[in-house]
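What follows is a short report on a single structure.
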Amino acid sequence: MSVVYRAYAPASAANISVGFDLLGIALKPADGSVLGDEIFIQKGEEGSGCALTCSGRFASVLPADPRENIVYDAYLLYKEEAQKKGFEALDVKMELKKNLPVCSGLGSSASSAVCAIVALDTVNGGKFTDAELIVMMGKLEGKISGSVHYDNAAPSFFGGMQLITGENGVISQSLPLFERWYWVSCFPGIKVSTNAARRILPESYPRHTVIDFGRRLAAFVSACYRQDEALAASCLKDVIAEPYRESLIPHFKEAREAGKEFGALATGISGSGSSVFSVFTSLEGAQKMQAWLEQNFIANGDGFCHICKADADGAVAARVAEN
């Protein structure tokens, strides 16, 4: 008899305007909807390797060959790291339920990578520490984006809002949340690739821009710890990416103006786009923004909009069945 486990890793919004490549927050729809990838895993037949299948709303956009999927890469990486640690990883059957669109600015690849590593470590009996697991997740993300960035993987794994430190052996640290904040997250249904979004950025920035970036990020972190909501909200401005990336996202400027009209503390680009986020303290304002985005920003049937809170739990795994 084989135990089946379900692993889940939430969507995330990276950058949060003020923290390019350094901040990210895990998102959880307030209505209880699933906004993240799921993996169902069980022990496979000895010598079978990894049998991977895909399902879910966005499974059709994944590579036809499962060996080209980031989840399969996760199996190979976990197996390699297991050997280094002195044990043989189990052969497995995995089903990826792809609930997040790719190239969406919602940490889709990070969600898959985090979910896969959590699932693999769960079925193998929890052999690695969180610090070891997050490094694996970062390596997988690097294969997709071309360089290692933890601003999606860290919040998806650890939950809450994460500051990427990368110093003294610590990859990220949790920041105190503003519990009143609602995060309206909207994917318009169009793709913006991470590579394209990075190519549009300049090679260098003026000194005053670098100083503004550092000043606002430092003030935002301080405001989180002091729970100074007004200061934190005033810092949610992007001087690094948004001035260049807004041209990649149709109607983003109109969305930002709509956010102001409905009382948003800030509206920005989620990760590299095309998703956007708006922050509200009022549920009524968040609902008005959601309605506006659904009517004016979503371009096709792939799009969706959720009113979210921060997902404090991050990735989770549990036994769901026995075969």
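The way I read the labels, and the way they are meant: chains A, B, ... in the order of the structure tokens, residue 1 as the first residue of every chain, and ligand 1 as the first ligand shown, with later ones counted on from there.
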Legend entry - 8 Å contact set for region 174-176 of chain A, only C-alpha atoms, chain neighbours under 5 positions out, as a VMD selection string: chain A and resid 160 to 163 221 224 to 225 227
Do a neighbour search on region 150-159 of chain A at 8 Å with only C-alpha atoms, toss out local chain neighbours closer than 4 positions, and write the hits as a PDB file with N, CA and C atoms, in the first residue's frame.
```pdb
ATOM      1  N   ALA A   9       2.051  25.002  -2.953  1.00  0.00           N
ATOM      2  CA  ALA A   9       2.910  26.177  -2.806  1.00  0.00           C
ATOM      3  C   ALA A   9       2.184  27.382  -3.379  1.00  0.00           C
ATOM      4  N   PRO A  10       1.960  28.427  -2.583  1.00  0.00           N
ATOM      5  CA  PRO A  10       1.144  29.552  -3.031  1.00  0.00           C
ATOM      6  C   PRO A  10       1.828  30.423  -4.080  1.00  0.00           C
ATOM      7  N   ALA A  11       0.991  31.160  -4.817  1.00  0.00           N
ATOM      8  CA  ALA A  11       1.485  32.193  -5.722  1.00  0.00           C
ATOM      9  C   ALA A  11       2.164  33.286  -4.908  1.00  0.00           C
ATOM     10  N   SER A  12       2.931  34.102  -5.588  1.00  0.00           N
ATOM     11  CA  SER A  12       3.637  35.183  -4.897  1.00  0.00           C
ATOM     12  C   SER A  12       3.745  36.403  -5.802  1.00  0.00           C
ATOM     13  N   ALA A  13       3.867  37.547  -5.167  1.00  0.00           N
ATOM     14  CA  ALA A  13       4.141  38.796  -5.884  1.00  0.00           C
ATOM     15  C   ALA A  13       5.537  39.243  -5.486  1.00  0.00           C
ATOM     16  N   ALA A  14       6.440  39.268  -6.450  1.00  0.00           N
ATOM     17  CA  ALA A  14       7.816  39.682  -6.164  1.00  0.00           C
ATOM     18  C   ALA A  14       7.977  41.186  -6.380  1.00  0.00           C
ATOM     19  N   ASN A  15       9.046  41.708  -5.826  1.00  0.00           N
ATOM     20  CA  ASN A  15       9.439  43.122  -5.924  1.00  0.00           C
ATOM     21  C   ASN A  15       8.588  44.007  -5.008  1.00  0.00           C
ATOM     22  N   ASP A  21      13.884  42.486  -6.831  1.00  0.00           N
ATOM     23  CA  ASP A  21      14.670  41.262  -6.598  1.00  0.00           C
ATOM     24  C   ASP A  21      14.914  40.968  -5.125  1.00  0.00           C
ATOM     25  N   LEU A  22      14.358  41.777  -4.222  1.00  0.00           N
ATOM     26  CA  LEU A  22      14.684  41.639  -2.807  1.00  0.00           C
ATOM     27  C   LEU A  22      13.475  41.436  -1.905  1.00  0.00           C
ATOM     28  N   LEU A  23      12.276  41.635  -2.424  1.00  0.00           N
ATOM     29  CA  LEU A  23      11.068  41.464  -1.630  1.00  0.00           C
ATOM     30  C   LEU A  23      10.079  40.572  -2.366  1.00  0.00           C
ATOM     31  N   GLY A  24       9.295  39.830  -1.618  1.00  0.00           N
ATOM     32  CA  GLY A  24       8.220  39.041  -2.196  1.00  0.00           C
ATOM     33  C   GLY A  24       7.214  38.687  -1.123  1.00  0.00           C
ATOM     34  N   ILE A  25       5.964  38.492  -1.539  1.00  0.00           N
ATOM     35  CA  ILE A  25       4.920  38.152  -0.589  1.00  0.00           C
ATOM     36  C   ILE A  25       4.081  37.005  -1.137  1.00  0.00           C
ATOM     37  N   ALA A  26       3.741  36.045  -0.292  1.00  0.00           N
ATOM     38  CA  ALA A  26       2.878  34.929  -0.670  1.00  0.00           C
ATOM     39  C   ALA A  26       1.427  35.381  -0.602  1.00  0.00           C
ATOM     40  N   GLY A 107       4.838  34.152  -9.878  1.00  0.00           N
ATOM     41  CA  GLY A 107       5.766  33.148  -9.355  1.00  0.00           C
ATOM     42  C   GLY A 107       5.384  31.745  -9.750  1.00  0.00           C
ATOM     43  N   ALA A 110       8.322  29.288  -9.677  1.00  0.00           N
ATOM     44  CA  ALA A 110       8.733  29.117  -8.282  1.00  0.00           C
ATOM     45  C   ALA A 110       7.750  28.229  -7.540  1.00  0.00           C
ATOM     46  N   SER A 111       6.459  28.435  -7.789  1.00  0.00           N
ATOM     47  CA  SER A 111       5.443  27.607  -7.131  1.00  0.00           C
ATOM     48  C   SER A 111       5.633  26.138  -7.481  1.00  0.00           C
ATOM     49  N   ALA A 113       8.429  24.686  -8.530  1.00  0.00           N
ATOM     50  CA  ALA A 113       9.698  24.222  -7.964  1.00  0.00           C
ATOM     51  C   ALA A 113       9.580  23.975  -6.461  1.00  0.00           C
ATOM     52  N   VAL A 114       8.983  24.930  -5.757  1.00  0.00           N
ATOM     53  CA  VAL A 114       8.816  24.807  -4.313  1.00  0.00           C
ATOM     54  C   VAL A 114       7.942  23.601  -3.988  1.00  0.00           C
ATOM     55  N   ILE A 134      15.538  25.358   0.430  1.00  0.00           N
ATOM     56  CA  ILE A 134      15.380  26.623  -0.300  1.00  0.00           C
ATOM     57  C   ILE A 134      16.508  26.812  -1.315  1.00  0.00           C
ATOM     58  N   MET A 137      15.475  24.963  -4.365  1.00  0.00           N
ATOM     59  CA  MET A 137      14.429  25.715  -5.051  1.00  0.00           C
ATOM     60  C   MET A 137      15.019  26.864  -5.858  1.00  0.00           C
ATOM     61  N   GLY A 138      16.001  27.532  -5.295  1.00  0.00           N
ATOM     62  CA  GLY A 138      16.663  28.622  -6.011  1.00  0.00           C
ATOM     63  C   GLY A 138      17.394  28.142  -7.256  1.00  0.00           C
ATOM     64  N   GLU A 141      14.798  27.587  -9.953  1.00  0.00           N
ATOM     65  CA  GLU A 141      14.350  28.875 -10.488  1.00  0.00           C
ATOM     66  C   GLU A 141      15.389  29.458 -11.450  1.00  0.00           C
ATOM     67  N   LEU A 163      12.195  39.215   2.939  1.00  0.00           N
ATOM     68  CA  LEU A 163      13.288  40.079   2.499  1.00  0.00           C
ATOM     69  C   LEU A 163      14.473  39.191   2.166  1.00  0.00           C
ATOM     70  N   ILE A 164      14.940  39.273   0.932  1.00  0.00           N
ATOM     71  CA  ILE A 164      16.066  38.435   0.507  1.00  0.00           C
ATOM     72  C   ILE A 164      17.353  39.075   1.009  1.00  0.00           C
ATOM     73  N   ILE A 171      19.390  33.168   3.482  1.00  0.00           N
ATOM     74  CA  ILE A 171      18.861  33.570   2.178  1.00  0.00           C
ATOM     75  C   ILE A 171      17.763  34.604   2.318  1.00  0.00           C
ATOM     76  N   SER A 172      16.854  34.410   3.274  1.00  0.00           N
ATOM     77  CA  SER A 172      15.766  35.381   3.429  1.00  0.00           C
ATOM     78  C   SER A 172      15.310  35.440   4.874  1.00  0.00           C
ATOM     79  N   ALA A 310      -2.047  38.145   2.801  1.00  0.00           N
ATOM     80  CA  ALA A 310      -0.765  37.444   2.795  1.00  0.00           C
ATOM     81  C   ALA A 310      -0.964  36.014   3.285  1.00  0.00           C
ATOM     82  N   ASP A 311      -0.370  35.055   2.574  1.00  0.00           N
ATOM     83  CA  ASP A 311      -0.419  33.650   2.986  1.00  0.00           C
ATOM     84  C   ASP A 311       0.725  33.410   3.956  1.00  0.00           C
ATOM     85  N   ALA A 312       0.390  33.368   5.233  1.00  0.00           N
ATOM     86  CA  ALA A 312       1.425  33.237   6.262  1.00  0.00           C
ATOM     87  C   ALA A 312       2.000  31.832   6.346  1.00  0.00           C
ATOM     88  N   ASP A 313       1.304  30.850   5.784  1.00  0.00           N
ATOM     89  CA  ASP A 313       1.736  29.462   5.924  1.00  0.00           C
ATOM     90  C   ASP A 313       2.793  29.059   4.904  1.00  0.00           C
ATOM     91  N   GLY A 314       2.719  29.607   3.691  1.00  0.00           N
ATOM     92  CA  GLY A 314       3.643  29.182   2.651  1.00  0.00           C
ATOM     93  C   GLY A 314       3.334  27.761   2.200  1.00  0.00           C
ATOM     94  N   ALA A 315       4.363  27.036   1.790  1.00  0.00           N
ATOM     95  CA  ALA A 315       4.170  25.684   1.253  1.00  0.00           C
ATOM     96  C   ALA A 315       3.802  24.712   2.362  1.00  0.00           C
TER      97      ALA A 315
END
```
Sel. of helix (DSSP H, G or I) residues, region 79-185 of chain A, as an mmCIF file with N, CA and C atoms, in the first residue's frame:
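Writing the result to part14.cif gives the following:
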```cif
data_model
loop_
_atom_site.group_PDB
_atom_site.id
_atom_site.type_symbol
_atom_site.label_atom_id
_atom_site.label_comp_id
_atom_site.auth_asym_id
_atom_site.auth_seq_id
_atom_site.Cartn_x
_atom_site.Cartn_y
_atom_site.Cartn_z
ATOM 1 N N LYS A 79 17.387 13.945 -6.176
ATOM 2 C CA LYS A 79 18.090 12.663 -6.194
ATOM 3 C C LYS A 79 19.603 12.877 -6.058
ATOM 4 N N GLU A 80 20.103 13.885 -6.772
ATOM 5 C CA GLU A 80 21.533 14.207 -6.707
ATOM 6 C C GLU A 80 21.935 14.659 -5.306
ATOM 7 N N GLU A 81 21.134 15.542 -4.713
ATOM 8 C CA GLU A 81 21.453 16.042 -3.377
ATOM 9 C C GLU A 81 21.312 14.938 -2.328
ATOM 10 N N ALA A 82 20.374 14.029 -2.547
ATOM 11 C CA ALA A 82 20.208 12.904 -1.628
ATOM 12 C C ALA A 82 21.457 12.023 -1.604
ATOM 13 N N GLN A 83 22.009 11.771 -2.780
ATOM 14 C CA GLN A 83 23.219 10.963 -2.863
ATOM 15 C C GLN A 83 24.365 11.627 -2.111
ATOM 16 N N LYS A 84 24.468 12.951 -2.237
ATOM 17 C CA LYS A 84 25.503 13.689 -1.501
ATOM 18 C C LYS A 84 25.303 13.547 0.001
ATOM 19 N N LYS A 85 24.045 13.446 0.408
ATOM 20 C CA LYS A 85 23.718 13.358 1.829
ATOM 21 C C LYS A 85 23.802 11.921 2.340
ATOM 22 N N SER A 108 4.947 31.565 -10.994
ATOM 23 C CA SER A 108 4.476 30.257 -11.451
ATOM 24 C C SER A 108 5.566 29.201 -11.388
ATOM 25 N N SER A 109 6.726 29.484 -11.944
ATOM 26 C CA SER A 109 7.802 28.488 -11.926
ATOM 27 C C SER A 109 8.290 28.235 -10.505
ATOM 28 N N ALA A 110 8.322 29.288 -9.677
ATOM 29 C CA ALA A 110 8.733 29.117 -8.282
ATOM 30 C C ALA A 110 7.750 28.229 -7.540
ATOM 31 N N SER A 111 6.459 28.435 -7.789
ATOM 32 C CA SER A 111 5.443 27.607 -7.131
ATOM 33 C C SER A 111 5.633 26.138 -7.481
ATOM 34 N N SER A 112 5.870 25.844 -8.770
ATOM 35 C CA SER A 112 6.101 24.461 -9.179
ATOM 36 C C SER A 112 7.356 23.895 -8.528
ATOM 37 N N ALA A 113 8.429 24.686 -8.530
ATOM 38 C CA ALA A 113 9.698 24.222 -7.964
ATOM 39 C C ALA A 113 9.580 23.975 -6.461
ATOM 40 N N VAL A 114 8.983 24.930 -5.757
ATOM 41 C CA VAL A 114 8.816 24.807 -4.313
ATOM 42 C C VAL A 114 7.942 23.601 -3.988
ATOM 43 N N CYS A 115 6.835 23.498 -4.703
ATOM 44 C CA CYS A 115 5.894 22.402 -4.474
ATOM 45 C C CYS A 115 6.561 21.042 -4.702
ATOM 46 N N ALA A 116 7.346 20.953 -5.763
ATOM 47 C CA ALA A 116 8.007 19.691 -6.100
ATOM 48 C C ALA A 116 9.018 19.290 -5.038
ATOM 49 N N ILE A 117 9.851 20.222 -4.617
ATOM 50 C CA ILE A 117 10.872 19.905 -3.618
ATOM 51 C C ILE A 117 10.226 19.527 -2.283
ATOM 52 N N VAL A 118 9.185 20.254 -1.898
ATOM 53 C CA VAL A 118 8.471 19.932 -0.660
ATOM 54 C C VAL A 118 7.845 18.541 -0.764
ATOM 55 N N ALA A 119 7.221 18.243 -1.904
ATOM 56 C CA ALA A 119 6.604 16.924 -2.101
ATOM 57 C C ALA A 119 7.644 15.807 -2.030
ATOM 58 N N LEU A 120 8.769 16.016 -2.702
ATOM 59 C CA LEU A 120 9.813 14.993 -2.728
ATOM 60 C C LEU A 120 10.402 14.754 -1.342
ATOM 61 N N ASP A 121 10.626 15.828 -0.595
ATOM 62 C CA ASP A 121 11.188 15.642 0.735
ATOM 63 C C ASP A 121 10.176 15.005 1.679
ATOM 64 N N THR A 122 8.899 15.300 1.462
ATOM 65 C CA THR A 122 7.859 14.701 2.299
ATOM 66 C C THR A 122 7.789 13.199 2.084
ATOM 67 N N VAL A 123 7.732 12.760 0.813
ATOM 68 C CA VAL A 123 7.604 11.333 0.538
ATOM 69 C C VAL A 123 8.865 10.571 0.948
ATOM 70 N N ASP A 130 15.126 23.183 6.112
ATOM 71 C CA ASP A 130 14.543 24.246 5.285
ATOM 72 C C ASP A 130 15.631 25.023 4.544
ATOM 73 N N ALA A 131 16.759 25.251 5.217
ATOM 74 C CA ALA A 131 17.854 25.994 4.589
ATOM 75 C C ALA A 131 18.406 25.240 3.379
ATOM 76 N N GLU A 132 18.445 23.925 3.464
ATOM 77 C CA GLU A 132 18.917 23.122 2.329
ATOM 78 C C GLU A 132 17.871 23.070 1.222
ATOM 79 N N LEU A 133 16.617 23.004 1.588
ATOM 80 C CA LEU A 133 15.540 22.918 0.596
ATOM 81 C C LEU A 133 15.428 24.201 -0.215
ATOM 82 N N ILE A 134 15.538 25.358 0.430
ATOM 83 C CA ILE A 134 15.380 26.623 -0.300
ATOM 84 C C ILE A 134 16.508 26.812 -1.315
ATOM 85 N N VAL A 135 17.690 26.299 -1.011
ATOM 86 C CA VAL A 135 18.796 26.379 -1.979
ATOM 87 C C VAL A 135 18.456 25.576 -3.229
ATOM 88 N N MET A 136 17.883 24.396 -3.054
ATOM 89 C CA MET A 136 17.460 23.601 -4.212
ATOM 90 C C MET A 136 16.423 24.352 -5.031
ATOM 91 N N MET A 137 15.475 24.963 -4.365
ATOM 92 C CA MET A 137 14.429 25.715 -5.051
ATOM 93 C C MET A 137 15.019 26.864 -5.858
ATOM 94 N N GLY A 138 16.001 27.532 -5.295
ATOM 95 C CA GLY A 138 16.663 28.622 -6.011
ATOM 96 C C GLY A 138 17.394 28.142 -7.256
ATOM 97 N N LYS A 139 18.040 26.992 -7.147
ATOM 98 C CA LYS A 139 18.733 26.420 -8.308
ATOM 99 C C LYS A 139 17.747 26.127 -9.441
ATOM 100 N N LEU A 140 16.587 25.602 -9.084
ATOM 101 C CA LEU A 140 15.576 25.299 -10.101
ATOM 102 C C LEU A 140 15.052 26.572 -10.752
ATOM 103 N N GLU A 141 14.798 27.587 -9.953
ATOM 104 C CA GLU A 141 14.350 28.875 -10.488
ATOM 105 C C GLU A 141 15.389 29.458 -11.450
ATOM 106 N N GLY A 142 16.670 29.283 -11.100
ATOM 107 C CA GLY A 142 17.735 29.802 -11.944
ATOM 108 C C GLY A 142 17.760 29.164 -13.317
ATOM 109 N N LYS A 143 17.354 27.894 -13.402
ATOM 110 C CA LYS A 143 17.314 27.222 -14.701
ATOM 111 C C LYS A 143 16.263 27.831 -15.613
ATOM 112 N N ILE A 144 15.188 28.360 -15.016
ATOM 113 C CA ILE A 144 14.113 28.954 -15.794
ATOM 114 C C ILE A 144 14.438 30.392 -16.200
ATOM 115 N N SER A 145 14.868 31.201 -15.238
ATOM 116 C CA SER A 145 15.057 32.635 -15.490
ATOM 117 C C SER A 145 16.463 33.003 -15.937
ATOM 118 N N ALA A 153 10.503 32.299 -4.767
ATOM 119 C CA ALA A 153 10.639 31.004 -4.098
ATOM 120 C C ALA A 153 10.571 31.136 -2.572
ATOM 121 N N ALA A 154 11.215 32.157 -2.020
ATOM 122 C CA ALA A 154 11.249 32.293 -0.552
ATOM 123 C C ALA A 154 9.861 32.531 0.039
ATOM 124 N N PRO A 155 9.072 33.494 -0.478
ATOM 125 C CA PRO A 155 7.727 33.637 0.094
ATOM 126 C C PRO A 155 6.829 32.431 -0.173
ATOM 127 N N SER A 156 6.961 31.810 -1.344
ATOM 128 C CA SER A 156 6.142 30.638 -1.637
ATOM 129 C C SER A 156 6.461 29.500 -0.672
ATOM 130 N N PHE A 157 7.707 29.366 -0.280
ATOM 131 C CA PHE A 157 8.122 28.302 0.637
ATOM 132 C C PHE A 157 7.855 28.672 2.095
ATOM 133 N N PHE A 158 8.369 29.819 2.513
ATOM 134 C CA PHE A 158 8.289 30.194 3.927
ATOM 135 C C PHE A 158 6.977 30.880 4.289
#
```
Inset, instruction - Kindly indicate which residue among A:Asp73, A:Lys127, A:Arg245, A:Ile240 lies nearest to His208 (chain A), using only C-alpha atoms for the distances. - result: A:Ile240
What are the closest atom pairs, with distances in Å to one decimal, for all residues of region 146-196 of chain A lying within 10 Å of region 275-279 of chain A? Consider only C-alpha atoms, order rows by chain and residue number, and present the result as a tab-separated table.
```
residue	atom	partner	partner_atom	distance
A:Arg180	CA	A:Val279	CA	9.9
A:Trp181	CA	A:Val279	CA	6.3
A:Tyr182	CA	A:Val279	CA	5.6
A:Trp183	CA	A:Val279	CA	4.8
A:Val184	CA	A:Ser278	CA	5.1
A:Ser185	CA	A:Phe277	CA	4.6
A:Cys186	CA	A:Ser275	CA	5.3
A:Phe187	CA	A:Ser275	CA	4.3
A:Pro188	CA	A:Ser275	CA	6.4
A:Gly189	CA	A:Ser275	CA	8.5
A:Ile190	CA	A:Ser275	CA	8.7
A:Lys191	CA	A:Ser275	CA	8.9
A:Val192	CA	A:Ser275	CA	9.0
```
Please dump the current selection as a tab-separated table (two decimals), in the first residue's frame; keep C-alpha atoms.
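Result went into result.tsv, see below:
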```tsv
chain	number	residue	atom	x	y	z
A	180	ARG	CA	-5.19	45.07	7.52
A	181	TRP	CA	-3.84	45.09	3.97
A	182	TYR	CA	-5.79	43.51	1.15
A	183	TRP	CA	-3.81	42.63	-1.97
A	184	VAL	CA	-5.85	42.76	-5.17
A	185	SER	CA	-3.95	40.55	-7.61
A	186	CYS	CA	-4.94	40.47	-11.27
A	187	PHE	CA	-3.56	38.45	-14.18
A	188	PRO	CA	-4.82	39.93	-17.47
A	189	GLY	CA	-4.31	36.73	-19.45
A	190	ILE	CA	-1.31	37.90	-21.47
A	191	LYS	CA	2.27	36.72	-21.00
A	192	VAL	CA	5.37	38.76	-20.25
```
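Of the residues under consideration (A:Glu294, A:Ala74, A:Phe280, A:Pro29), A:Phe280 shows the shortest atom-to-atom contact distance to Glu179 (chain A) when counting only C-alpha atoms.
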Legend entry - Residues flagged strand (DSSP E or B) by DSSP in region 247-292 of chain A, as a PyMOL selection string: chain A and resi 266-269+276-280
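Using only C-alpha atoms, the contacts of Pro243 (chain A) at a cut-off of 12 Å, with sequence neighbours closer than 6 positions omitted, comprise Ser17, Ala197, Ile200, Leu201, Pro202, Thr209, Lys237, Ile249, Phe252, Lys253, Gly268 and Ile269 of chain A.
For the choices A:Lys288, A:Lys309, A:Arg216, A:Lys97, the atom-to-atom distance to Phe58 (chain A) is smallest for A:Lys97 when using only C-alpha atoms.
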